[in-house]
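So the structure is just underneath, and the comments pick up after that.
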Amino acid sequence: MIANSGRSSQNPGIREMLTKLISLPSISSASPDWDHSNEAVVRTLAEWLEPLGFTVEILEVPGMPGKCNLIATLGSGPGGLVLSGHTDTVPFDDKRWQSDPFTLTEKDNRWYGLGTCDMKGFFPLAIEAARAFVGQPLQKPLIILATADEESSMNGARALAEAGKPKARYAVIGEPTGLKPVRMHKGIMMERLRFDGQSGHSSNPALGNNALEGMHQALGELLALRSEWQQKYRNPNFEVQVPTLNLGCIHGGDNPNRICAQCELHFDLRPLPGMDMASLRQAILNRMQPLADQRELKLTFEPLFDGVPPFETPADAALVKACEKLTGHTAHAVAFATEAPWLQKLGLETLVMGPGSIDQAHQPDEYLALDQLQPTVDILKGLIKEFCL
């Protein structure tokens, strides 16, 4: 257990910091009924970091009022290390929680609360690690990065990549991995395919143009593409070694005795590292457009959201080797997606590693085990010493 005594309100201990962060709702959601600003969380982090000597920059996410990113920098110069996390949480079902999601509750050597492991808990531990280097002459800067809307749009990280900030050499994203380094994950694409035809009385097919029949043919083409991709691409680092394509939901028509005028399919595609999302979309369009033209159907094909690219950092990268040495674990692959692709776009050698388990994320009674605290601080101190001193 890490001692928290003797700290002022501007210099609180780990428990006090996490208690405050958990108490500030910062849910991000595509549903306006759930969506919150994260500004209070970002400004609270700034209040703690500035007295330690960090230079703090708060950036509004363009087109998203109330959504902010924070870049806090200790030291100056090129290179350096970024410790990154997202400030938002997912929505919650209060009927399934045994305690108040916004009150840090200790039980069975765990801290319970919404965002404890995913991933507000990372920030107090990163700040605690940084305290050990305050006043020391850093050769390269230490940056604590806090982003908005990772759980919904990824627009916080996207905005940073577009702005070209922050500038550094290495980045660790503190998502819950049980303190085991992660150097790759699949991407996520969610797509919308729609055919518009012409309704008519079912007694005479010539009176209309059946969009559902067109979709039937399109489904065969999608499954054929899936088979081709799975034969071409394979990565043994993943539990599911091939790219996946899931036919998620379909809607069309309105009555058995009417020719179906419109049919819409939503599906997801999870590409492996090395697979380009734009090329995958173009391959799908190349199969769908001739089909639509042949059947004289109007085609709509578009993303349901911009998607998350696949991510990979080479096994021999300096950051990977450093994290493997500090943790005693070989870097591996995970199924969930992160902000890593956007940090890579900034030129940062990136790795995902943090306390807690992804099994607790997005679940009722989310928690962070207390035996993860000190090891996290120690590992982060090791990284700061390696890449900043």
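Naming works like this for the structure tokens: A, B, ... for the chains as they're shown, residue 1 at the start of each chain, ligands 1 onward in shown order.
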Write out as a list in words each polymer residue whose atoms come within 7 Å of region 355-369 of chain A, counting only C-alpha atoms; drop sequence neighbours fewer than 5 positions from it.
Val90, Arg96, Trp97, Gln98, Asn109, Arg110, Trp111, Tyr112, Gly113, Leu114, Thr116, Cys117, Asp118, Pro176, Thr177, Gly178, Leu179 and Thr376 of chain A
Excluding Thr73 (chain A) and residues on its chain fewer than 5 positions from it, collect all residues at most 12 Å away from it, counting only C-alpha atoms, and give them as a JSON list (two decimals) with C-alpha atoms, in the first residue's frame.
[["chain", "number", "residue", "atom", "x", "y", "z"],
["A", 46, "ALA", "CA", -4.07, 20.58, -14.23],
["A", 49, "LEU", "CA", 0.27, 19.02, -12.10],
["A", 50, "GLU", "CA", 1.03, 22.74, -12.21],
["A", 52, "LEU", "CA", 4.74, 20.09, -9.48],
["A", 53, "GLY", "CA", 6.29, 22.24, -12.20],
["A", 54, "PHE", "CA", 4.41, 20.91, -15.23],
["A", 55, "THR", "CA", 3.55, 23.35, -17.99],
["A", 56, "VAL", "CA", -0.11, 22.68, -18.75],
["A", 57, "GLU", "CA", -1.94, 23.17, -22.03],
["A", 58, "ILE", "CA", -5.69, 22.53, -22.28],
["A", 78, "PRO", "CA", 13.13, 17.12, -28.08],
["A", 79, "GLY", "CA", 12.22, 13.48, -27.44],
["A", 80, "GLY", "CA", 10.90, 12.33, -24.10],
["A", 81, "LEU", "CA", 8.17, 10.10, -22.75],
["A", 82, "VAL", "CA", 4.38, 10.45, -22.85],
["A", 83, "LEU", "CA", 2.22, 8.77, -20.20],
["A", 84, "SER", "CA", -1.25, 8.83, -21.75],
["A", 127, "ILE", "CA", 1.48, 11.63, -11.08],
["A", 130, "ALA", "CA", 6.39, 11.81, -11.72],
["A", 134, "VAL", "CA", 10.37, 16.87, -9.70],
["A", 138, "LEU", "CA", 15.46, 15.91, -16.90],
["A", 140, "LYS", "CA", 14.21, 14.88, -22.03],
["A", 141, "PRO", "CA", 10.66, 15.92, -21.15],
["A", 142, "LEU", "CA", 8.04, 13.90, -19.33],
["A", 143, "ILE", "CA", 4.52, 14.48, -20.67],
["A", 144, "ILE", "CA", 1.26, 13.45, -19.04],
["A", 145, "LEU", "CA", -1.47, 13.35, -21.68],
["A", 146, "ALA", "CA", -5.20, 13.19, -20.92],
["A", 165, "LYS", "CA", 0.71, 17.40, -30.49],
["A", 166, "PRO", "CA", 2.39, 16.33, -28.30],
["A", 167, "LYS", "CA", 5.95, 16.12, -29.55],
["A", 168, "ALA", "CA", 7.94, 13.31, -27.97],
["A", 388, "CYS", "CA", 13.84, 11.16, -19.53]]
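Residue-level DSSP output for region 54-103 of chain A, from the backbone, shows strand (DSSP E) at Thr55, Val56, Glu57, Ile58, Leu59, Glu60, Cys68, Asn69, Leu70, Ile71, Ala72, Thr73, Leu74, Leu81, Val82, Leu83, Ser84, Gly85 and His86 of chain A.
Between CA of Gly187 (chain A) and CA of Arg270 (chain A) the separation is 5.2 Å.
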Can you tell me which residues surround Leu223 (chain A) at a distance of at most 12 Å, considering only C-alpha atoms, apart from same-chain residues fewer than 3 positions away, and format the answer as a list in words?
His216, Gln217, Ala218, Leu219, Gly220, Arg226, Ser227, Glu228, Trp229, Gln230, Thr244, Leu245, Asn246, Leu247, Phe267, Leu269, Ile284 and Arg287 of chain A
Within 7 Å of region 188-203 of chain A using only C-alpha atoms, minus same-chain residues under 4 positions, as a PyMOL selection string
chain A and resi 207-211+257-271+297-305+307-309
Alpha helix (DSSP H) call set, DSSP backbone run, region 66-152 of chain A, as an mmCIF file with N, CA and C atoms, in the first residue's frame:
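The new file part09.cif reads:
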data_model
loop_
_atom_site.group_PDB
_atom_site.id
_atom_site.type_symbol
_atom_site.label_atom_id
_atom_site.label_comp_id
_atom_site.auth_asym_id
_atom_site.auth_seq_id
_atom_site.Cartn_x
_atom_site.Cartn_y
_atom_site.Cartn_z
ATOM 1 N N PHE A 122 -5.145 5.346 -13.723
ATOM 2 C CA PHE A 122 -3.783 5.498 -14.228
ATOM 3 C C PHE A 122 -3.201 6.866 -13.888
ATOM 4 N N PHE A 123 -4.043 7.900 -13.873
ATOM 5 C CA PHE A 123 -3.523 9.261 -13.690
ATOM 6 C C PHE A 123 -2.888 9.483 -12.312
ATOM 7 N N PRO A 124 -3.530 9.118 -11.193
ATOM 8 C CA PRO A 124 -2.857 9.297 -9.906
ATOM 9 C C PRO A 124 -1.540 8.528 -9.810
ATOM 10 N N LEU A 125 -1.469 7.367 -10.431
ATOM 11 C CA LEU A 125 -0.242 6.565 -10.374
ATOM 12 C C LEU A 125 0.860 7.205 -11.227
ATOM 13 N N ALA A 126 0.485 7.762 -12.370
ATOM 14 C CA ALA A 126 1.463 8.466 -13.203
ATOM 15 C C ALA A 126 1.974 9.718 -12.492
ATOM 16 N N ILE A 127 1.066 10.441 -11.821
ATOM 17 C CA ILE A 127 1.478 11.635 -11.078
ATOM 18 C C ILE A 127 2.382 11.262 -9.914
ATOM 19 N N GLU A 128 2.051 10.174 -9.226
ATOM 20 C CA GLU A 128 2.885 9.710 -8.116
ATOM 21 C C GLU A 128 4.281 9.350 -8.619
ATOM 22 N N ALA A 129 4.364 8.688 -9.757
ATOM 23 C CA ALA A 129 5.678 8.346 -10.318
ATOM 24 C C ALA A 129 6.440 9.603 -10.709
ATOM 25 N N ALA A 130 5.740 10.571 -11.277
ATOM 26 C CA ALA A 130 6.392 11.810 -11.721
ATOM 27 C C ALA A 130 6.953 12.609 -10.551
ATOM 28 N N ARG A 131 6.303 12.536 -9.386
ATOM 29 C CA ARG A 131 6.754 13.307 -8.218
ATOM 30 C C ARG A 131 8.211 13.016 -7.854
#
Env of region 311-320 of chain A: 8 Å cut, atoms = only C-alpha atoms, seq-sep filter 2 positions within chain, self excluded. Answer as a ChimeraX atom specification.
/A:170,181,183-187,273,309,322-324,331,340-341,349-351
I'd like to know which of A:Ser28, A:Leu380, A:Ala163, A:Gly214 is closest to Pro290 (chain A), using only C-alpha atoms.
A:Gly214
Of the residues A:Leu280, A:Leu70, A:Met119, A:Ala148, which is the one nearest to Ser37 (chain A), using only C-alpha atoms?
A:Ala148
